[in-house]
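Since the structure comes first, as structure tokens, the remarks are kept for the end.
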Amino acid sequence: MQKVLRFHFSVLSRPKLHIYDKGGKHTPSGIRATIHGGTSFSGIYMGGMLGNIGSELIFPHNHQYNYEDHVRELKTTSGPGQNWLLHDMNYDNKEMIEWTMKNSNVVVNLLGPRKHLKNRKDFEWINITVPKRIAEACAKNPGVIRLIHFSACGANPHAESLDLQTKYIGEQEVLNAFPNATIFRPSVMVGDNDDFAYHWQVQKKYFHNFNIVPDNCQAKRQPIFVQDVAQAMLNALKMPETIGQTYELGGPHVYTLLECYEMFHNIVQRPPKLAHIDKQLLLKIAQYIPNWKYFNIDYILKHGDDMIVQQGSKTIDDLCVRPLSLTQALQNIFWDIQARYGGSSELYER
């Protein structure tokens with residue numbers, strides 16, 4: 001017990017992170033960040049927020065080549081010579097994890113499950129085992145001052161979704177290993193190539209202008225623009241009082257899924273087309289076919305769950321960010337549809 005207490009005390013007494021953010025990409029900010037999960041949808045936004053103030057960035061990834069589109073775009077997040085792409089990352093190798101943050105003072109964990117996962121063992125590995133190893137590596141490295149761990153709004157040990165169940169357990173493991181960690185629980189994030197608005201667009205393309213839904217779409221969502229989340233992350237690094245805290249990040253308004261679908265269709269000037277299919281039937285179908293990013297078991301299970309900021313939680317307001325509404329965010333990501341088709345997209349036939 002004495003060893004544990006000394007360990008926690010040494011972590012909590014780490015020095016304050018000093019950040020200079022008044023310059024540009026070529027002015028050192030004082031941040032040297034290792035970003036795990038940089039090839040995810042939100043990775044380029046989080047990297048860009050830190051890179052634009054002159055931070056040095058390290059992106060470990062498990063892709064073989066750095067010239068893949070979703071890997072090489074990370075080179076644009078900071079100035080030349082200020083970021084490194086580490087390919088063939090192996091999260092089963094603890095020494096490799098420690099090596100990626102050897103000279104870093106900030107670590108960001110954006111890792112999450114790929115959409116093809118079906119069994120609990122795989123979810124536990126990416127949501128519990130790997131975050132725990134990252135947090136233990138941070139605790140072992142005296143130079144790491146801050147760890148930002150991304151979980152999800154709705155994380156709950158009793159959730160139906162395996163992703164939300166294991167994300168909650170992963171949060172606890174991270175805080176046990178590194179009490180200085182700051183936990184972010186974002187609601188559905190909206191941005192280019194996201195898993196919400198873009199997901200809706202692609203489903204319509206592949207299902208003859210229909211969206212597959214397993215219920216009456218009354219579950220609640222609190223969408224937040226991904227750049228607002230990135231700003232919240234930077235602000236959290238500047239604010240020592242965020243150490244050891246958990247923040248639920250949501251936009252300014254709560255909508256039902258049906259209202260979100262109607263809002264999407266208003267922008268492209270087409271009536272909603274929803275294909276209501278029994279949830280149990282969809283789950284059976286999903287069990288016997290390969291999970292697809294735009295139709296998978298976790299999407300079906302999460303569809304009926306509310307993903308909103310819980311009352312009494314610390315929120316994005318506590319991080320001094322005023323988030324965009326969903327309507328404003330959609331204007332930023334649907335502009336290409338409007339510009340190309342003027343509301344008469346071939347993707348949305350009458």
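Residues in the structure tokens are named by chain (A, B, ... in the order shown) and by number from 1 within that chain; ligands are numbered from 1 in the order shown.
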Gly244 of chain A: which residues within 6 Å, counting only C-alpha atoms, same-chain residues fewer than 4 positions away excluded, as a PyMOL selection string? chain A and resi 179-182
DSSP on the backbone, helix (DSSP H, G or I) only: what residues of segment 42-193 of chain A does that give? Format it as an MDAnalysis selection string. chainID A and resid 43:51 69:77 94:100 120:140 162:177
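Residues lying within 8 Å of segment 96-100 of chain A, counting only C-alpha atoms and ignoring same-chain neighbours fewer than 6 positions away, are Thr34, Ile58, Pro60, Met89, Asn90, Arg133, Ile134, Ala137, Cys138 and Asn141 of chain A.
Using only C-alpha atoms, the shortest contact distance between Leu319 of chain A and any of A:Glu95, A:Glu136, A:Asp69, A:Asp228 is found at A:Asp228.
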If we count only C-alpha atoms, what is near Glu68 of chain A at a cut-off of 12 Å, once residues fewer than 6 positions away on the same chain are taken out, given as number ranges by chain? A: 39, 61-62, 74-75, 85, 87
Leaving out Leu281 of chain A and any residue of its chain fewer than 4 positions from it, which residues lie within 12 Å of it when counting only C-alpha atoms, given as a PDB file with all heavy atoms, in the first residue's frame?
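Saved as selection.pdb:
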ATOM      1  N   VAL A 213     -32.854   2.101 -39.973  1.00  0.00           N
ATOM      2  CA  VAL A 213     -33.025   2.434 -38.560  1.00  0.00           C
ATOM      3  C   VAL A 213     -33.752   1.293 -37.850  1.00  0.00           C
ATOM      4  O   VAL A 213     -34.694   0.724 -38.389  1.00  0.00           O
ATOM      5  CB  VAL A 213     -33.801   3.760 -38.377  1.00  0.00           C
ATOM      6  CG1 VAL A 213     -33.005   4.931 -38.935  1.00  0.00           C
ATOM      7  CG2 VAL A 213     -35.161   3.703 -39.038  1.00  0.00           C
ATOM      8  N   PRO A 214     -33.315   0.944 -36.626  1.00  0.00           N
ATOM      9  CA  PRO A 214     -33.918  -0.179 -35.905  1.00  0.00           C
ATOM     10  C   PRO A 214     -35.023   0.226 -34.933  1.00  0.00           C
ATOM     11  O   PRO A 214     -35.530  -0.615 -34.187  1.00  0.00           O
ATOM     12  CB  PRO A 214     -32.721  -0.765 -35.145  1.00  0.00           C
ATOM     13  CG  PRO A 214     -31.861   0.422 -34.862  1.00  0.00           C
ATOM     14  CD  PRO A 214     -32.056   1.382 -36.009  1.00  0.00           C
ATOM     15  N   ASP A 215     -35.391   1.512 -34.894  1.00  0.00           N
ATOM     16  CA  ASP A 215     -36.404   1.957 -33.933  1.00  0.00           C
ATOM     17  C   ASP A 215     -37.076   3.226 -34.452  1.00  0.00           C
ATOM     18  O   ASP A 215     -36.929   3.583 -35.627  1.00  0.00           O
ATOM     19  CB  ASP A 215     -35.773   2.191 -32.550  1.00  0.00           C
ATOM     20  CG  ASP A 215     -34.536   3.075 -32.614  1.00  0.00           C
ATOM     21  OD1 ASP A 215     -34.575   4.084 -33.350  1.00  0.00           O
ATOM     22  OD2 ASP A 215     -33.529   2.771 -31.954  1.00  0.00           O
ATOM     23  N   HIS A 276     -37.453   1.378 -41.609  1.00  0.00           N
ATOM     24  CA  HIS A 276     -37.577   0.817 -40.265  1.00  0.00           C
ATOM     25  C   HIS A 276     -37.538  -0.706 -40.346  1.00  0.00           C
ATOM     26  O   HIS A 276     -38.423  -1.328 -40.936  1.00  0.00           O
ATOM     27  CB  HIS A 276     -38.886   1.278 -39.622  1.00  0.00           C
ATOM     28  CG  HIS A 276     -38.942   2.758 -39.379  1.00  0.00           C
ATOM     29  ND1 HIS A 276     -38.523   3.339 -38.205  1.00  0.00           N
ATOM     30  CD2 HIS A 276     -39.341   3.785 -40.175  1.00  0.00           C
ATOM     31  CE1 HIS A 276     -38.674   4.642 -38.276  1.00  0.00           C
ATOM     32  NE2 HIS A 276     -39.169   4.941 -39.473  1.00  0.00           N
ATOM     33  N   ILE A 277     -36.525  -1.308 -39.740  1.00  0.00           N
ATOM     34  CA  ILE A 277     -36.367  -2.764 -39.731  1.00  0.00           C
ATOM     35  C   ILE A 277     -36.196  -3.210 -38.283  1.00  0.00           C
ATOM     36  O   ILE A 277     -35.499  -2.559 -37.491  1.00  0.00           O
ATOM     37  CB  ILE A 277     -35.157  -3.198 -40.574  1.00  0.00           C
ATOM     38  CG1 ILE A 277     -35.337  -2.724 -42.021  1.00  0.00           C
ATOM     39  CG2 ILE A 277     -34.967  -4.711 -40.544  1.00  0.00           C
ATOM     40  CD1 ILE A 277     -34.165  -3.040 -42.925  1.00  0.00           C
ATOM     41  N   ILE A 285     -28.791 -10.337 -38.804  1.00  0.00           N
ATOM     42  CA  ILE A 285     -28.125 -10.129 -40.094  1.00  0.00           C
ATOM     43  C   ILE A 285     -26.665  -9.726 -39.887  1.00  0.00           C
ATOM     44  O   ILE A 285     -25.753 -10.242 -40.539  1.00  0.00           O
ATOM     45  CB  ILE A 285     -28.872  -9.057 -40.906  1.00  0.00           C
ATOM     46  CG1 ILE A 285     -30.270  -9.552 -41.295  1.00  0.00           C
ATOM     47  CG2 ILE A 285     -28.079  -8.674 -42.158  1.00  0.00           C
ATOM     48  CD1 ILE A 285     -31.142  -8.492 -41.942  1.00  0.00           C
ATOM     49  N   ALA A 286     -26.452  -8.797 -38.938  1.00  0.00           N
ATOM     50  CA  ALA A 286     -25.099  -8.295 -38.683  1.00  0.00           C
ATOM     51  C   ALA A 286     -24.175  -9.376 -38.135  1.00  0.00           C
ATOM     52  O   ALA A 286     -22.954  -9.313 -38.322  1.00  0.00           O
ATOM     53  CB  ALA A 286     -25.157  -7.113 -37.724  1.00  0.00           C
ATOM     54  N   GLN A 287     -24.728 -10.373 -37.448  1.00  0.00           N
ATOM     55  CA  GLN A 287     -23.919 -11.454 -36.908  1.00  0.00           C
ATOM     56  C   GLN A 287     -23.331 -12.323 -38.008  1.00  0.00           C
ATOM     57  O   GLN A 287     -22.263 -12.913 -37.842  1.00  0.00           O
ATOM     58  CB  GLN A 287     -24.758 -12.327 -35.965  1.00  0.00           C
ATOM     59  CG  GLN A 287     -25.066 -11.702 -34.622  1.00  0.00           C
ATOM     60  CD  GLN A 287     -23.865 -11.643 -33.697  1.00  0.00           C
ATOM     61  OE1 GLN A 287     -22.812 -12.205 -33.983  1.00  0.00           O
ATOM     62  NE2 GLN A 287     -24.018 -10.955 -32.574  1.00  0.00           N
ATOM     63  N   TYR A 288     -24.044 -12.430 -39.136  1.00  0.00           N
ATOM     64  CA  TYR A 288     -23.647 -13.377 -40.181  1.00  0.00           C
ATOM     65  C   TYR A 288     -22.992 -12.723 -41.394  1.00  0.00           C
ATOM     66  O   TYR A 288     -22.659 -13.398 -42.356  1.00  0.00           O
ATOM     67  CB  TYR A 288     -24.867 -14.189 -40.629  1.00  0.00           C
ATOM     68  CG  TYR A 288     -25.359 -15.131 -39.557  1.00  0.00           C
ATOM     69  CD1 TYR A 288     -26.490 -14.819 -38.805  1.00  0.00           C
ATOM     70  CD2 TYR A 288     -24.686 -16.316 -39.279  1.00  0.00           C
ATOM     71  CE1 TYR A 288     -26.937 -15.668 -37.810  1.00  0.00           C
ATOM     72  CE2 TYR A 288     -25.125 -17.179 -38.286  1.00  0.00           C
ATOM     73  CZ  TYR A 288     -26.251 -16.853 -37.555  1.00  0.00           C
ATOM     74  OH  TYR A 288     -26.684 -17.698 -36.567  1.00  0.00           O
ATOM     75  N   ILE A 297     -22.891  -4.020 -35.846  1.00  0.00           N
ATOM     76  CA  ILE A 297     -23.601  -4.366 -34.613  1.00  0.00           C
ATOM     77  C   ILE A 297     -23.617  -3.193 -33.633  1.00  0.00           C
ATOM     78  O   ILE A 297     -24.646  -2.883 -33.029  1.00  0.00           O
ATOM     79  CB  ILE A 297     -22.957  -5.606 -33.956  1.00  0.00           C
ATOM     80  CG1 ILE A 297     -23.164  -6.831 -34.858  1.00  0.00           C
ATOM     81  CG2 ILE A 297     -23.553  -5.859 -32.572  1.00  0.00           C
ATOM     82  CD1 ILE A 297     -22.461  -8.078 -34.368  1.00  0.00           C
ATOM     83  N   ILE A 300     -26.156  -0.549 -34.433  1.00  0.00           N
ATOM     84  CA  ILE A 300     -27.523  -0.973 -34.112  1.00  0.00           C
ATOM     85  C   ILE A 300     -27.796  -0.840 -32.624  1.00  0.00           C
ATOM     86  O   ILE A 300     -28.843  -0.344 -32.195  1.00  0.00           O
ATOM     87  CB  ILE A 300     -27.754  -2.427 -34.580  1.00  0.00           C
ATOM     88  CG1 ILE A 300     -27.575  -2.532 -36.097  1.00  0.00           C
ATOM     89  CG2 ILE A 300     -29.136  -2.917 -34.179  1.00  0.00           C
ATOM     90  CD1 ILE A 300     -27.487  -3.962 -36.608  1.00  0.00           C
TER      91      ILE A 300
END
So which residues touch Ile224 of chain A within 9 Å, counting only C-alpha atoms, skipping near sequence neighbours fewer than 5 positions away, as a PyMOL selection string? chain A and resi 186-191+229+249-252+323-326+329
Produce a file of the selected residues containing all heavy atoms, as a tab-separated table (two decimals), in the first residue's frame.
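Here's the written file result_31.tsv:
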chain	number	residue	atom	x	y	z
A	186	PRO	N	-16.78	12.92	-25.28
A	186	PRO	CA	-17.53	13.68	-26.29
A	186	PRO	C	-18.79	12.94	-26.72
A	186	PRO	O	-18.81	11.71	-26.79
A	186	PRO	CB	-16.54	13.81	-27.44
A	186	PRO	CG	-15.64	12.63	-27.30
A	186	PRO	CD	-15.54	12.36	-25.82
A	187	SER	N	-19.84	13.70	-27.01
A	187	SER	CA	-21.01	13.11	-27.65
A	187	SER	C	-20.65	12.90	-29.12
A	187	SER	O	-19.48	12.98	-29.49
A	187	SER	CB	-22.21	14.06	-27.51
A	187	SER	OG	-23.38	13.47	-28.02
A	188	VAL	N	-21.62	12.63	-29.98
A	188	VAL	CA	-21.28	12.40	-31.39
A	188	VAL	C	-20.61	13.65	-31.95
A	188	VAL	O	-21.12	14.76	-31.81
A	188	VAL	CB	-22.53	12.02	-32.21
A	188	VAL	CG1	-23.01	10.64	-31.83
A	188	VAL	CG2	-23.65	13.03	-32.02
A	189	MET	N	-19.44	13.45	-32.57
A	189	MET	CA	-18.70	14.57	-33.13
A	189	MET	C	-19.03	14.73	-34.61
A	189	MET	O	-19.12	13.75	-35.35
A	189	MET	CB	-17.19	14.37	-32.93
A	189	MET	CG	-16.76	14.51	-31.49
A	189	MET	SD	-14.96	14.57	-31.29
A	189	MET	CE	-14.54	12.84	-31.47
A	190	VAL	N	-19.20	15.98	-35.03
A	190	VAL	CA	-19.57	16.30	-36.39
A	190	VAL	C	-18.39	16.98	-37.09
A	190	VAL	O	-17.78	17.90	-36.54
A	190	VAL	CB	-20.80	17.22	-36.43
A	190	VAL	CG1	-21.15	17.60	-37.85
A	190	VAL	CG2	-21.99	16.56	-35.75
A	191	GLY	N	-18.05	16.49	-38.27
A	191	GLY	CA	-16.96	17.07	-39.05
A	191	GLY	C	-16.77	16.26	-40.33
A	191	GLY	O	-17.49	15.30	-40.57
A	229	VAL	N	-14.18	20.45	-29.95
A	229	VAL	CA	-13.54	19.46	-29.06
A	229	VAL	C	-12.04	19.67	-29.06
A	229	VAL	O	-11.39	19.59	-28.01
A	229	VAL	CB	-13.89	18.03	-29.51
A	229	VAL	CG1	-13.17	17.00	-28.65
A	229	VAL	CG2	-15.39	17.79	-29.43
A	249	LEU	N	-18.58	16.33	-23.16
A	249	LEU	CA	-18.57	17.39	-24.16
A	249	LEU	C	-19.74	17.20	-25.13
A	249	LEU	O	-19.81	16.21	-25.86
A	249	LEU	CB	-17.26	17.37	-24.94
A	249	LEU	CG	-15.97	17.37	-24.11
A	249	LEU	CD1	-14.75	17.36	-25.01
A	249	LEU	CD2	-15.94	18.55	-23.15
A	250	GLY	N	-20.64	18.16	-25.13
A	250	GLY	CA	-21.78	18.13	-26.03
A	250	GLY	C	-22.04	19.51	-26.60
A	250	GLY	O	-21.55	20.52	-26.07
A	251	GLY	N	-22.79	19.58	-27.67
A	251	GLY	CA	-23.13	20.85	-28.28
A	251	GLY	C	-24.17	21.60	-27.46
A	251	GLY	O	-24.61	21.13	-26.40
A	252	PRO	N	-24.61	22.76	-27.94
A	252	PRO	CA	-25.53	23.60	-27.15
A	252	PRO	C	-26.97	23.09	-27.15
A	252	PRO	O	-27.76	23.54	-26.33
A	252	PRO	CB	-25.43	24.96	-27.85
A	252	PRO	CG	-25.03	24.65	-29.25
A	252	PRO	CD	-24.15	23.44	-29.16
A	323	PRO	N	-19.53	26.16	-27.98
A	323	PRO	CA	-19.59	25.31	-29.18
A	323	PRO	C	-20.61	25.78	-30.20
A	323	PRO	O	-21.61	26.42	-29.87
A	323	PRO	CB	-19.99	23.94	-28.60
A	323	PRO	CG	-20.76	24.27	-27.36
A	323	PRO	CD	-20.12	25.51	-26.80
A	324	LEU	N	-20.34	25.45	-31.46
A	324	LEU	CA	-21.28	25.73	-32.54
A	324	LEU	C	-22.52	24.85	-32.41
A	324	LEU	O	-22.46	23.74	-31.88
A	324	LEU	CB	-20.64	25.46	-33.90
A	324	LEU	CG	-19.50	26.35	-34.38
A	324	LEU	CD1	-19.01	25.87	-35.73
A	324	LEU	CD2	-19.92	27.80	-34.44
A	325	SER	N	-23.64	25.34	-32.89
A	325	SER	CA	-24.84	24.51	-32.95
A	325	SER	C	-24.68	23.51	-34.09
A	325	SER	O	-23.81	23.65	-34.96
A	325	SER	CB	-26.08	25.37	-33.19
A	325	SER	OG	-26.05	25.93	-34.49
A	326	LEU	N	-25.55	22.50	-34.12
A	326	LEU	CA	-25.48	21.50	-35.19
A	326	LEU	C	-25.70	22.14	-36.56
A	326	LEU	O	-25.02	21.80	-37.53
A	326	LEU	CB	-26.52	20.40	-34.95
A	326	LEU	CG	-26.59	19.31	-36.02
A	326	LEU	CD1	-25.24	18.61	-36.17
A	326	LEU	CD2	-27.68	18.29	-35.69
A	329	ALA	N	-22.52	23.75	-37.63
A	329	ALA	CA	-21.51	22.74	-37.94
A	329	ALA	C	-21.78	22.09	-39.28
A	329	ALA	O	-20.86	21.83	-40.07
A	329	ALA	CB	-21.46	21.70	-36.83
With a distance cut-off of 9 Å and only C-alpha atoms, select the neighbouring residues of Leu257 of chain A, excluding the residue or stretch itself and same-chain residues fewer than 4 positions from it, and output the selection as JSON, numbers by chain. {"A": [216, 217, 218, 219, 220, 221, 261, 262, 303]}
Selected residues written out with C-alpha atoms, as a compact mmCIF listing (two decimals), in the first residue's frame:
# COMPACT_ATOMS: atom_id res chain seq x y z
CA ASN A 216 -38.51 5.13 -33.98
CA CYS A 217 -35.41 7.40 -33.76
CA GLN A 218 -36.41 9.03 -30.47
CA ALA A 219 -33.02 8.51 -28.82
CA LYS A 220 -31.32 11.79 -27.95
CA ARG A 221 -28.05 13.16 -29.30
CA TYR A 261 -32.24 13.25 -39.90
CA GLU A 262 -34.79 15.93 -40.74
CA HIS A 303 -28.99 3.69 -32.03
